[in-house]
$ cat data.cif   # mmCIF, C-alpha atoms
data_final
loop_
_atom_site.group_PDB
_atom_site.id
_atom_site.type_symbol
_atom_site.label_atom_id
_atom_site.label_comp_id
_atom_site.auth_asym_id
_atom_site.auth_seq_id
_atom_site.Cartn_x
_atom_site.Cartn_y
_atom_site.Cartn_z
ATOM 1 C CA MET F 11 -3.306 -12.850 15.314
ATOM 2 C CA ARG F 12 -0.363 -10.555 15.341
ATOM 3 C CA GLY F 13 3.174 -11.620 14.683
ATOM 4 C CA ARG F 14 6.291 -10.585 12.897
ATOM 5 C CA ARG F 15 5.330 -9.786 9.345
ATOM 6 C CA LYS F 16 8.812 -9.434 7.926
ATOM 7 C CA ALA F 17 9.437 -11.807 5.054
ATOM 8 C CA SER F 18 12.045 -14.457 5.823
ATOM 9 C CA ALA F 19 13.672 -17.388 4.072
ATOM 10 C CA GLY F 20 11.626 -19.837 6.099
ATOM 11 C CA PRO F 21 10.500 -23.375 5.314
ATOM 12 C CA LEU F 22 6.885 -22.563 4.447
ATOM 13 C CA PRO F 23 5.880 -21.403 0.972
ATOM 14 C CA GLN F 24 3.624 -18.402 0.589
ATOM 15 C CA ARG F 25 -0.112 -18.901 0.922
ATOM 16 C CA ASP F 26 -2.347 -16.738 -1.265
ATOM 17 C CA GLY F 27 0.689 -14.552 -1.986
ATOM 18 C CA ILE F 28 1.364 -13.874 1.711
ATOM 19 C CA ASP F 29 4.537 -14.891 3.561
ATOM 20 C CA ALA F 30 4.412 -17.054 6.645
ATOM 21 C CA VAL F 31 4.945 -15.280 9.954
ATOM 22 C CA ARG F 32 8.241 -15.904 11.723
ATOM 23 C CA VAL F 33 8.288 -16.021 15.522
ATOM 24 C CA ARG F 34 11.602 -16.043 17.401
ATOM 25 C CA LEU F 35 11.366 -17.234 20.983
ATOM 26 C CA PRO F 36 12.816 -14.520 23.266
ATOM 27 C CA GLU F 37 15.147 -14.877 26.198
ATOM 28 C CA ASP F 38 13.371 -16.076 29.349
ATOM 29 C CA PRO F 39 15.635 -15.394 32.347
ATOM 30 C CA GLU F 40 12.703 -15.759 34.771
ATOM 31 C CA GLY F 41 11.774 -19.194 33.461
ATOM 32 C CA ARG F 42 8.161 -18.261 32.784
ATOM 33 C CA TRP F 43 7.674 -20.741 29.956
ATOM 34 C CA GLY F 44 8.511 -24.372 30.411
ATOM 35 C CA CYS F 45 7.491 -25.377 26.902
ATOM 36 C CA VAL F 46 6.850 -23.884 23.496
ATOM 37 C CA GLY F 47 3.082 -24.137 23.862
ATOM 38 C CA GLU F 48 3.041 -22.021 27.020
ATOM 39 C CA TYR F 49 4.853 -19.187 25.240
ATOM 40 C CA LEU F 50 2.607 -19.310 22.173
ATOM 41 C CA VAL F 51 -0.514 -19.203 24.350
ATOM 42 C CA ALA F 52 0.916 -16.237 26.254
ATOM 43 C CA ARG F 53 1.702 -14.411 23.026
ATOM 44 C CA PHE F 54 -1.310 -15.215 20.858
ATOM 45 C CA GLY F 55 -3.977 -16.505 23.247
ATOM 46 C CA GLY F 56 -5.366 -13.061 23.928
ATOM 47 C CA ALA F 57 -5.999 -12.507 20.235
ATOM 48 C CA ILE F 58 -7.360 -15.875 19.110
ATOM 49 C CA GLY F 59 -7.862 -17.860 22.312
ATOM 50 C CA ALA F 60 -5.774 -20.543 23.969
ATOM 51 C CA GLU F 61 -7.929 -23.267 22.392
ATOM 52 C CA GLN F 62 -7.145 -22.052 18.876
ATOM 53 C CA VAL F 63 -3.413 -21.911 19.624
ATOM 54 C CA ALA F 64 -3.584 -25.483 20.933
ATOM 55 C CA ALA F 65 -5.509 -26.580 17.844
ATOM 56 C CA MET F 66 -2.873 -25.060 15.566
ATOM 57 C CA LEU F 67 -0.128 -26.871 17.466
ATOM 58 C CA ASP F 68 -2.021 -30.156 17.275
ATOM 59 C CA ALA F 69 -2.467 -29.660 13.526
ATOM 60 C CA GLY F 70 1.275 -29.126 13.039
ATOM 61 C CA ARG F 71 0.861 -25.569 11.794
ATOM 62 C CA PHE F 72 3.893 -24.263 13.658
ATOM 63 C CA VAL F 73 7.084 -25.521 12.032
ATOM 64 C CA GLY F 74 10.798 -25.186 12.676
ATOM 65 C CA ALA F 75 13.607 -24.314 10.280
ATOM 66 C CA ASP F 76 13.647 -27.874 8.901
ATOM 67 C CA GLY F 77 9.938 -27.718 8.073
ATOM 68 C CA GLY F 78 9.012 -30.211 10.758
ATOM 69 C CA ALA F 79 6.069 -29.585 13.071
ATOM 70 C CA VAL F 80 6.884 -28.136 16.492
ATOM 71 C CA ARG F 81 4.648 -29.507 19.227
ATOM 72 C CA GLY F 82 3.424 -27.543 22.191
ATOM 73 C CA GLY F 83 5.099 -29.816 24.735
ATOM 74 C CA GLU F 84 8.606 -29.321 23.363
ATOM 75 C CA PRO F 85 10.976 -27.653 25.858
ATOM 76 C CA TYR F 86 11.278 -23.901 25.576
ATOM 77 C CA ALA F 87 14.492 -22.821 23.829
ATOM 78 C CA ALA F 88 15.288 -19.111 23.559
ATOM 79 C CA GLY F 89 16.306 -18.134 20.043
ATOM 80 C CA LEU F 90 14.316 -20.898 18.368
ATOM 81 C CA SER F 91 12.475 -19.693 15.243
ATOM 82 C CA LEU F 92 9.026 -20.926 14.304
ATOM 83 C CA TRP F 93 6.952 -20.207 11.214
ATOM 84 C CA PHE F 94 3.195 -20.366 10.691
ATOM 85 C CA HIS F 95 0.489 -19.037 8.410
ATOM 86 C CA ARG F 96 -2.139 -16.747 9.841
ATOM 87 C CA ASP F 97 -5.817 -17.340 9.198
ATOM 88 C CA PHE F 98 -7.312 -14.557 7.099
ATOM 89 C CA ALA F 99 -10.888 -13.375 7.184
ATOM 90 C CA ALA F 100 -12.781 -13.629 3.914
ATOM 91 C CA GLU F 101 -12.235 -10.504 1.797
ATOM 92 C CA GLU F 102 -14.442 -8.971 -0.854
ATOM 93 C CA ARG F 103 -12.670 -9.243 -4.190
ATOM 94 C CA VAL F 104 -11.900 -5.971 -5.931
ATOM 95 C CA PRO F 105 -13.522 -6.658 -9.316
ATOM 96 C CA PHE F 106 -10.879 -4.987 -11.488
ATOM 97 C CA PRO F 107 -7.739 -6.467 -13.036
ATOM 98 C CA ILE F 108 -4.196 -5.261 -12.419
ATOM 99 C CA GLY F 109 -2.632 -4.111 -15.671
ATOM 100 C CA ILE F 110 1.033 -4.758 -16.406
ATOM 101 C CA VAL F 111 2.650 -1.719 -18.004
ATOM 102 C CA TYR F 112 6.202 -3.117 -18.031
ATOM 103 C CA ARG F 113 8.024 -6.231 -16.882
ATOM 104 C CA ASP F 114 11.619 -7.444 -17.016
ATOM 105 C CA ALA F 115 14.003 -9.416 -14.797
ATOM 106 C CA HIS F 116 14.234 -6.500 -12.346
ATOM 107 C CA LEU F 117 10.949 -4.588 -12.390
ATOM 108 C CA VAL F 118 7.208 -4.953 -12.704
ATOM 109 C CA VAL F 119 5.313 -1.722 -13.294
ATOM 110 C CA ALA F 120 1.639 -2.309 -12.569
ATOM 111 C CA ASP F 121 -1.515 -0.308 -13.205
ATOM 112 C CA LYS F 122 -3.233 -0.703 -9.848
ATOM 113 C CA PRO F 123 -7.010 -0.319 -9.941
ATOM 114 C CA HIS F 124 -9.017 1.814 -7.562
ATOM 115 C CA PHE F 125 -9.957 0.175 -4.214
ATOM 116 C CA LEU F 126 -6.991 -2.245 -4.185
ATOM 117 C CA ALA F 127 -4.429 -1.706 -1.414
ATOM 118 C CA THR F 128 -0.779 -1.900 -2.439
ATOM 119 C CA THR F 129 0.366 -3.997 0.536
ATOM 120 C CA PRO F 130 -1.365 -5.959 3.311
ATOM 121 C CA ARG F 131 -2.780 -3.799 6.063
ATOM 122 C CA GLY F 132 -5.798 -3.979 8.346
ATOM 123 C CA ARG F 133 -8.647 -5.893 6.744
ATOM 124 C CA HIS F 134 -6.964 -5.939 3.334
ATOM 125 C CA ILE F 135 -4.487 -8.842 3.195
ATOM 126 C CA THR F 136 -4.901 -11.234 0.273
ATOM 127 C CA GLU F 137 -6.846 -8.667 -1.763
ATOM 128 C CA THR F 138 -3.814 -6.434 -2.267
ATOM 129 C CA ALA F 139 -1.733 -5.637 -5.300
ATOM 130 C CA VAL F 140 1.416 -7.359 -4.067
ATOM 131 C CA ALA F 141 -0.405 -10.564 -3.081
ATOM 132 C CA ARG F 142 -2.342 -10.708 -6.348
ATOM 133 C CA LEU F 143 0.727 -10.102 -8.490
ATOM 134 C CA ARG F 144 2.760 -12.726 -6.656
ATOM 135 C CA ARG F 145 0.032 -15.243 -7.413
ATOM 136 C CA GLU F 146 -0.699 -14.155 -10.970
ATOM 137 C CA LEU F 147 2.909 -13.706 -12.097
ATOM 138 C CA GLY F 148 4.426 -16.521 -10.061
ATOM 139 C CA VAL F 149 7.017 -14.204 -8.482
ATOM 140 C CA PRO F 150 6.898 -14.859 -4.717
ATOM 141 C CA ALA F 151 9.769 -12.447 -3.950
ATOM 142 C CA LEU F 152 7.974 -9.471 -5.543
ATOM 143 C CA GLN F 153 7.933 -6.345 -3.342
ATOM 144 C CA PRO F 154 6.712 -2.763 -3.908
ATOM 145 C CA ALA F 155 9.288 0.034 -4.046
ATOM 146 C CA HIS F 156 6.650 2.514 -2.834
ATOM 147 C CA ARG F 157 2.968 2.644 -1.956
ATOM 148 C CA LEU F 158 -0.062 4.083 -3.647
ATOM 149 C CA ASP F 159 -3.140 4.919 -1.600
ATOM 150 C CA ARG F 160 -5.811 2.210 -1.776
ATOM 151 C CA LEU F 161 -8.446 4.464 -3.380
ATOM 152 C CA THR F 162 -6.005 5.901 -5.934
ATOM 153 C CA ALA F 163 -5.442 4.089 -9.219
ATOM 154 C CA GLY F 164 -2.360 4.015 -11.399
ATOM 155 C CA LEU F 165 1.306 3.162 -11.538
ATOM 156 C CA VAL F 166 3.084 1.214 -8.821
ATOM 157 C CA LEU F 167 6.686 0.039 -9.164
ATOM 158 C CA PHE F 168 7.464 -3.483 -7.906
ATOM 159 C CA VAL F 169 10.923 -5.006 -7.555
ATOM 160 C CA VAL F 170 11.581 -8.617 -8.576
ATOM 161 C CA ARG F 171 14.915 -9.187 -6.806
ATOM 162 C CA PRO F 172 14.985 -8.554 -3.040
ATOM 163 C CA GLU F 173 18.610 -7.427 -3.130
ATOM 164 C CA GLU F 174 17.685 -4.559 -5.476
ATOM 165 C CA ARG F 175 14.667 -3.278 -3.592
ATOM 166 C CA GLY F 176 16.659 -0.835 -1.459
ATOM 167 C CA ALA F 177 18.080 0.928 -4.515
ATOM 168 C CA TYR F 178 14.606 1.603 -5.924
ATOM 169 C CA GLN F 179 13.149 2.575 -2.555
ATOM 170 C CA THR F 180 15.949 5.110 -2.183
ATOM 171 C CA LEU F 181 14.789 6.826 -5.377
ATOM 172 C CA PHE F 182 11.420 7.538 -3.807
ATOM 173 C CA ARG F 183 12.869 8.417 -0.417
ATOM 174 C CA ASP F 184 15.265 10.932 -1.947
ATOM 175 C CA ARG F 185 12.578 12.382 -4.281
ATOM 176 C CA LEU F 186 14.421 11.317 -7.408
ATOM 177 C CA VAL F 187 11.222 10.090 -9.075
ATOM 178 C CA ARG F 188 9.067 12.510 -11.048
ATOM 179 C CA LYS F 189 5.463 11.589 -10.268
ATOM 180 C CA GLU F 190 2.557 13.002 -12.205
ATOM 181 C CA TYR F 191 -1.087 12.488 -11.271
ATOM 182 C CA GLU F 192 -4.402 13.335 -12.891
ATOM 183 C CA ALA F 193 -7.557 14.255 -11.030
ATOM 184 C CA VAL F 194 -11.124 15.199 -11.871
ATOM 185 C CA ALA F 195 -12.600 17.864 -9.606
ATOM 186 C CA PRO F 196 -15.055 20.758 -9.883
ATOM 187 C CA TYR F 197 -13.950 23.648 -12.067
ATOM 188 C CA ASP F 198 -13.867 27.006 -10.306
ATOM 189 C CA PRO F 199 -12.660 29.889 -12.501
ATOM 190 C CA SER F 200 -11.863 31.918 -9.380
ATOM 191 C CA VAL F 201 -9.092 29.468 -8.421
ATOM 192 C CA ALA F 202 -5.972 30.845 -10.085
ATOM 193 C CA LEU F 203 -3.912 28.077 -11.650
ATOM 194 C CA PRO F 204 -1.243 26.910 -12.056
ATOM 195 C CA ARG F 205 0.012 27.289 -8.523
ATOM 196 C CA THR F 206 2.188 25.535 -5.985
ATOM 197 C CA VAL F 207 0.464 24.600 -2.742
ATOM 198 C CA ARG F 208 2.530 24.217 0.425
ATOM 199 C CA SER F 209 1.173 23.386 3.873
ATOM 200 C CA ARG F 210 1.730 21.408 7.032
ATOM 201 C CA ILE F 211 -0.230 18.140 6.908
ATOM 202 C CA VAL F 212 -0.778 15.980 9.978
ATOM 203 C CA LYS F 213 -2.179 12.446 9.846
ATOM 204 C CA GLU F 214 -2.934 10.751 13.175
ATOM 205 C CA ARG F 215 -3.054 6.992 13.577
ATOM 206 C CA GLY F 216 -6.649 5.814 13.835
ATOM 207 C CA VAL F 217 -8.061 8.994 12.289
ATOM 208 C CA LEU F 218 -9.242 8.537 8.720
ATOM 209 C CA ALA F 219 -8.669 12.055 7.403
ATOM 210 C CA ALA F 220 -5.492 14.096 7.522
ATOM 211 C CA ARG F 221 -5.628 17.778 8.391
ATOM 212 C CA GLU F 222 -3.693 20.953 7.750
ATOM 213 C CA GLU F 223 -2.439 22.969 10.675
ATOM 214 C CA PRO F 224 -0.272 26.059 11.198
ATOM 215 C CA GLY F 225 3.464 25.578 11.155
ATOM 216 C CA GLU F 226 6.346 24.877 8.843
ATOM 217 C CA ALA F 227 5.198 23.299 5.577
ATOM 218 C CA ASN F 228 5.994 19.611 5.140
ATOM 219 C CA SER F 229 4.152 19.109 1.854
ATOM 220 C CA GLU F 230 4.273 20.642 -1.602
ATOM 221 C CA SER F 231 2.144 20.063 -4.710
ATOM 222 C CA ARG F 232 2.009 21.748 -8.100
ATOM 223 C CA VAL F 233 -1.572 22.032 -9.383
ATOM 224 C CA GLU F 234 -2.306 22.720 -13.057
ATOM 225 C CA LEU F 235 -5.585 22.866 -14.958
ATOM 226 C CA VAL F 236 -5.430 20.804 -18.146
ATOM 227 C CA GLU F 237 -8.978 21.379 -19.373
ATOM 228 C CA ALA F 238 -12.409 22.475 -18.145
ATOM 229 C CA ARG F 239 -15.596 20.970 -19.447
ATOM 230 C CA GLY F 240 -19.147 20.568 -18.169
ATOM 231 C CA GLY F 241 -18.452 22.123 -14.784
ATOM 232 C CA LEU F 242 -15.535 19.790 -14.156
ATOM 233 C CA GLY F 243 -11.818 20.265 -14.493
ATOM 234 C CA LEU F 244 -9.101 17.806 -15.461
ATOM 235 C CA TYR F 245 -6.077 18.618 -13.324
ATOM 236 C CA ARG F 246 -2.416 17.690 -13.511
ATOM 237 C CA LEU F 247 -0.911 17.246 -10.045
ATOM 238 C CA LEU F 248 2.830 17.151 -9.425
ATOM 239 C CA PRO F 249 3.711 16.290 -5.816
ATOM 240 C CA ALA F 250 7.180 17.253 -4.633
ATOM 241 C CA THR F 251 6.625 15.459 -1.311
ATOM 242 C CA GLY F 252 4.663 12.375 -0.325
ATOM 243 C CA ARG F 253 2.534 13.018 2.744
ATOM 244 C CA THR F 254 -0.471 10.785 3.350
ATOM 245 C CA HIS F 255 -3.476 12.022 1.297
ATOM 246 C CA GLN F 256 -1.422 15.054 0.236
ATOM 247 C CA LEU F 257 -3.026 15.654 -3.159
ATOM 248 C CA ARG F 258 -6.507 15.094 -1.782
ATOM 249 C CA VAL F 259 -5.879 17.531 1.082
ATOM 250 C CA HIS F 260 -4.419 20.193 -1.214
ATOM 251 C CA MET F 261 -7.232 19.983 -3.758
ATOM 252 C CA ASN F 262 -9.764 20.275 -0.946
ATOM 253 C CA ALA F 263 -7.894 23.280 0.457
ATOM 254 C CA LEU F 264 -8.244 24.989 -2.931
ATOM 255 C CA GLY F 265 -12.006 24.496 -2.754
ATOM 256 C CA VAL F 266 -12.105 21.869 -5.510
ATOM 257 C CA PRO F 267 -12.150 18.478 -3.740
ATOM 258 C CA ILE F 268 -11.542 15.472 -5.969
ATOM 259 C CA VAL F 269 -14.706 13.824 -7.285
ATOM 260 C CA HIS F 270 -15.939 10.858 -5.187
ATOM 261 C CA ASP F 271 -13.530 11.532 -2.338
ATOM 262 C CA PRO F 272 -15.127 9.935 0.760
ATOM 263 C CA LEU F 273 -12.896 11.845 3.207
ATOM 264 C CA TYR F 274 -12.569 15.407 1.945
ATOM 265 C CA PRO F 275 -14.178 17.811 2.612
ATOM 266 C CA VAL F 276 -16.161 15.601 5.049
ATOM 267 C CA VAL F 277 -15.827 11.972 6.115
ATOM 268 C CA GLU F 278 -18.726 10.118 4.531
ATOM 269 C CA PRO F 279 -20.325 7.048 6.177
ATOM 270 C CA GLU F 280 -19.014 4.739 3.440
ATOM 271 C CA ALA F 281 -15.446 5.643 4.378
ATOM 272 C CA GLU F 282 -15.857 3.876 7.721
ATOM 273 C CA GLY F 283 -17.803 0.863 6.497
ATOM 274 C CA ALA F 284 -16.698 -2.481 5.120
ATOM 275 C CA VAL F 285 -18.897 -2.277 2.005
ATOM 276 C CA GLU F 286 -17.329 -0.687 -1.050
ATOM 277 C CA ASP F 287 -19.228 1.219 -3.720
ATOM 278 C CA PHE F 288 -17.181 0.193 -6.737
ATOM 279 C CA SER F 289 -19.269 2.479 -8.963
ATOM 280 C CA ARG F 290 -17.793 5.603 -7.326
ATOM 281 C CA PRO F 291 -13.993 5.418 -7.575
ATOM 282 C CA LEU F 292 -11.938 8.334 -6.321
ATOM 283 C CA GLN F 293 -11.048 10.345 -9.413
ATOM 284 C CA LEU F 294 -7.298 10.343 -8.826
ATOM 285 C CA LEU F 295 -4.793 8.541 -11.023
ATOM 286 C CA ALA F 296 -1.018 8.109 -10.812
ATOM 287 C CA ARG F 297 -0.405 8.788 -14.497
ATOM 288 C CA ARG F 298 3.404 8.911 -14.963
ATOM 289 C CA LEU F 299 6.632 7.823 -13.292
ATOM 290 C CA GLU F 300 10.032 9.016 -14.505
ATOM 291 C CA PHE F 301 13.460 8.273 -13.027
ATOM 292 C CA THR F 302 16.974 7.096 -13.788
ATOM 293 C CA ASP F 303 17.188 3.372 -13.144
ATOM 294 C CA PRO F 304 19.640 2.795 -10.248
ATOM 295 C CA VAL F 305 20.551 -0.683 -11.540
ATOM 296 C CA SER F 306 20.890 -0.178 -15.297
ATOM 297 C CA GLY F 307 21.483 3.591 -15.375
ATOM 298 C CA GLU F 308 18.831 3.932 -18.078
ATOM 299 C CA PRO F 309 16.203 6.689 -18.120
ATOM 300 C CA ARG F 310 12.786 5.223 -17.347
ATOM 301 C CA ARG F 311 9.385 6.664 -18.222
ATOM 302 C CA PHE F 312 6.131 4.814 -17.632
ATOM 303 C CA VAL F 313 2.587 5.956 -18.439
ATOM 304 C CA SER F 314 -0.635 4.484 -17.071
ATOM 305 C CA GLY F 315 -3.138 3.009 -19.480
ATOM 306 C CA LEU F 316 -6.080 3.776 -17.188
ATOM 307 C CA ARG F 317 -8.445 6.721 -17.444
ATOM 308 C CA LEU F 318 -10.663 8.527 -14.971
ATOM 309 C CA SER F 319 -14.298 7.537 -15.460
ATOM 310 C CA ALA F 320 -15.784 10.883 -14.371
ATOM 311 C CA TRP F 321 -14.027 12.856 -17.088
ATOM 312 C CA PRO F 322 -16.534 13.358 -19.912
ATOM 313 C CA GLU F 323 -15.731 11.926 -23.306
ATOM 314 C CA GLY F 324 -15.087 14.427 -26.015
#
$ encode --input "data.cif" --output "structure tokens"
Amino acid sequence: MRGRRKASAGPLPQRDGIDAVRVRLPEDPEGRWGCVGEYLVARFGGAIGAEQVAAMLDAGRFVGADGGAVRGGEPYAAGLSLWFHRDFAAEERVPFPIGIVYRDAHLVVADKPHFLATTPRGRHITETAVARLRRELGVPALQPAHRLDRLTAGLVLFVVRPEERGAYQTLFRDRLVRKEYEAVAPYDPSVALPRTVRSRIVKERGVLAAREEPGEANSESRVELVEARGGLGLYRLLPATGRTHQLRVHMNALGVPIVHDPLYPVVEPEAEGAVEDFSRPLQLLARRLEFTDPVSGEPRRFVSGLRLSAWPEG
């Protein structure tokens, strides 16, 4: 079922760390809907069936601002707001904990594991970093200031107070955060490093992999070799921009795709399936975040406690 996913100060508490959906009844100058139930069937019946909508109404799952159940036979009233909880499909649990690097009254800096999405999207809803942290920390208002790709591990900044979220998001939007990543990829002595890679990256909705194409560059990454050992290299990656899959695309373009990347250089079957291979995490880690705190004015520097499993001990 699709509905407005924007968090609101509604009457229903979160369920499994996910906000209730708010639905605002639109204007109806043509008089198409005589009652609330007719509108809800028109809006959601195609997705879940008219019978399921009716069952939810009968069960009192749609509520008004006072928390009372709204019945399907109630007269239609444009502007009326309703809230309800969606039904979520069962999700495979990502079997890794979320580390807490730092926490105060304003911020939570988490060490997100591989395979865990930052925010709800697609088939990943309750098994996301924000939903887990809300449940585990008891902070229902927690929101991310930025996103980290689901297959990438490492630091994600979450904001405790909703009124401060915009200030921290602006840091990322205006590129005022120094982000440093680590990656394990093949070592090729013919690839001259360090270097700055710039290219035009295009990511189409519904297409798993991004691609580079001719045109003005919209992405920039600094790539440095930290160490080479056993045919592998440990790389420091410093993105100046934040295009989708940017570091993965740039490493692939250099001829040294990141270890266990299911999309680059080719889309592997597992990338399209629902079954995860937790033994093969993408070897990419958001290692450091540095910025000047927009609320306190203090310099902030956070370092991940995770390590990349493919890098040999030594």
$ atom_distance --input "data.cif" --atom1 "atom CA of F:Leu295" --atom2 "atom CA of F:Arg239"
18.5 Å
$ closest_atom_pairs --input "data.cif" --of "stretch 110-199 of chain F" --to "stretch 300-324 of chain F" --cutoff "7 Å" --atoms "all atoms listed in the file" --output "JSON lines"
{"residue": "F:Asp121", "atom": "CA", "partner": "F:Ser314", "partner_atom": "CA", "distance": 6.2}
{"residue": "F:Gly164", "atom": "CA", "partner": "F:Ser314", "partner_atom": "CA", "distance": 5.9}
{"residue": "F:Leu165", "atom": "CA", "partner": "F:Ser314", "partner_atom": "CA", "distance": 6.0}
{"residue": "F:Ala177", "atom": "CA", "partner": "F:Pro304", "partner_atom": "CA", "distance": 6.2}
{"residue": "F:Tyr178", "atom": "CA", "partner": "F:Pro304", "partner_atom": "CA", "distance": 6.7}
{"residue": "F:Leu186", "atom": "CA", "partner": "F:Phe301", "partner_atom": "CA", "distance": 6.5}
{"residue": "F:Val187", "atom": "CA", "partner": "F:Phe301", "partner_atom": "CA", "distance": 4.9}
{"residue": "F:Arg188", "atom": "CA", "partner": "F:Glu300", "partner_atom": "CA", "distance": 5.0}
{"residue": "F:Lys189", "atom": "CA", "partner": "F:Glu300", "partner_atom": "CA", "distance": 6.7}
{"residue": "F:Val194", "atom": "CA", "partner": "F:Trp321", "partner_atom": "CA", "distance": 6.4}
$ write_last_selection --input "data.cif" --atoms "C-alpha atoms" --output "mmCIF file, in the coordinates of the input"
data_model
loop_
_atom_site.group_PDB
_atom_site.id
_atom_site.type_symbol
_atom_site.label_atom_id
_atom_site.label_comp_id
_atom_site.auth_asym_id
_atom_site.auth_seq_id
_atom_site.Cartn_x
_atom_site.Cartn_y
_atom_site.Cartn_z
ATOM 1 C CA ASP F 121 -1.515 -0.308 -13.205
ATOM 2 C CA GLY F 164 -2.360 4.015 -11.399
ATOM 3 C CA LEU F 165 1.306 3.162 -11.538
ATOM 4 C CA ALA F 177 18.080 0.928 -4.515
ATOM 5 C CA TYR F 178 14.606 1.603 -5.924
ATOM 6 C CA LEU F 186 14.421 11.317 -7.408
ATOM 7 C CA VAL F 187 11.222 10.090 -9.075
ATOM 8 C CA ARG F 188 9.067 12.510 -11.048
ATOM 9 C CA LYS F 189 5.463 11.589 -10.268
ATOM 10 C CA VAL F 194 -11.124 15.199 -11.871
#
$ atom_distance --input "data.cif" --atom1 "atom CA of F:Arg258" --atom2 "atom CA of F:Leu294"
8.5 Å
$ resolve_selection --input "data.cif" --expression "the PyMOL selection byres ((chain F and resi 247) around 9)" --output "list of chain:residue names"
F:Lys189, F:Glu190, F:Tyr191, F:Glu192, F:Ala193, F:Ser231, F:Arg232, F:Val233, F:Glu234, F:Leu235, F:Tyr245, F:Arg246, F:Leu248, F:Pro249, F:Leu257
$ resolve_selection --input "data.cif" --expression "the PyMOL selection byres ((chain F and resi 195-197) around 6)" --output "VMD selection string"
chain F and resid 194 198 241 to 243 266 to 269
$ residues_around --input "data.cif" --residues "F:Gly44" --least-positions-apart "2" --cutoff "9 Å" --atoms "only C-alpha atoms" --output "PDB file with C-alpha atoms, in the frame of the given file"
ATOM      1  CA  GLY F  41      11.774 -19.194  33.461  1.00  0.00           C
ATOM      2  CA  ARG F  42       8.161 -18.261  32.784  1.00  0.00           C
ATOM      3  CA  VAL F  46       6.850 -23.884  23.496  1.00  0.00           C
ATOM      4  CA  GLY F  47       3.082 -24.137  23.862  1.00  0.00           C
ATOM      5  CA  GLU F  48       3.041 -22.021  27.020  1.00  0.00           C
ATOM      6  CA  TYR F  49       4.853 -19.187  25.240  1.00  0.00           C
ATOM      7  CA  GLY F  83       5.099 -29.816  24.735  1.00  0.00           C
ATOM      8  CA  GLU F  84       8.606 -29.321  23.363  1.00  0.00           C
ATOM      9  CA  PRO F  85      10.976 -27.653  25.858  1.00  0.00           C
ATOM     10  CA  TYR F  86      11.278 -23.901  25.576  1.00  0.00           C
TER      11      TYR F  86
END
$ closest_residue --input "data.cif" --among "F:Gln24, F:Gln62, F:Ser209, F:Ser229" --to "F:Arg144" --atoms "all atoms listed in the file"
F:Gln24
$ residues_around --input "data.cif" --residues "F:Leu161" --least-positions-apart "3" --cutoff "12 Å" --atoms "all atoms listed in the file" --output "MDAnalysis selection string"
chainID F and resid 104 122:128 138 157:158 164 255 258 268:273 281 286:288 290:296
$ resolve_selection --input "data.cif" --expression "the PyMOL selection byres ((chain F and resi 113) around 12)" --output "VMD selection string"
chain F and resid 109 to 112 114 to 121 143 147 149 152 167 to 170 312
$ atom_distance --input "data.cif" --atom1 "atom CA of F:Thr206" --atom2 "atom CA of F:Met261"
11.2 Å
$ axis_aligned_box --input "data.cif" --around "stretch 153-163 of chain F" --padding-each-side "8 Å" --output "AutoDock Vina command-line options"
--center_x 0.4 --center_y -0.2 --center_z -5.4 --size_x 33.7 --size_y 28.2 --size_z 23.6
$ residues_near_point --input "data.cif" --point "(-8.1, 17.6, 8.3)" --cutoff "12 Å" --atoms "only C-alpha atoms" --output "NGL selection string"
:F and (209-214 or 217-224 or 254-256 or 258-260 or 262-263 or 273-277)
$ closest_residue --input "data.cif" --among "F:Arg71, F:Leu90, F:Gly132, F:Leu22" --to "F:Pro36" --atoms "all atoms listed in the file"
F:Leu90
$ closest_residue --input "data.cif" --among "F:Asp184, F:Asp26, F:Glu101, F:Glu40" --to "F:Pro150" --atoms "all atoms listed in the file"
F:Asp26
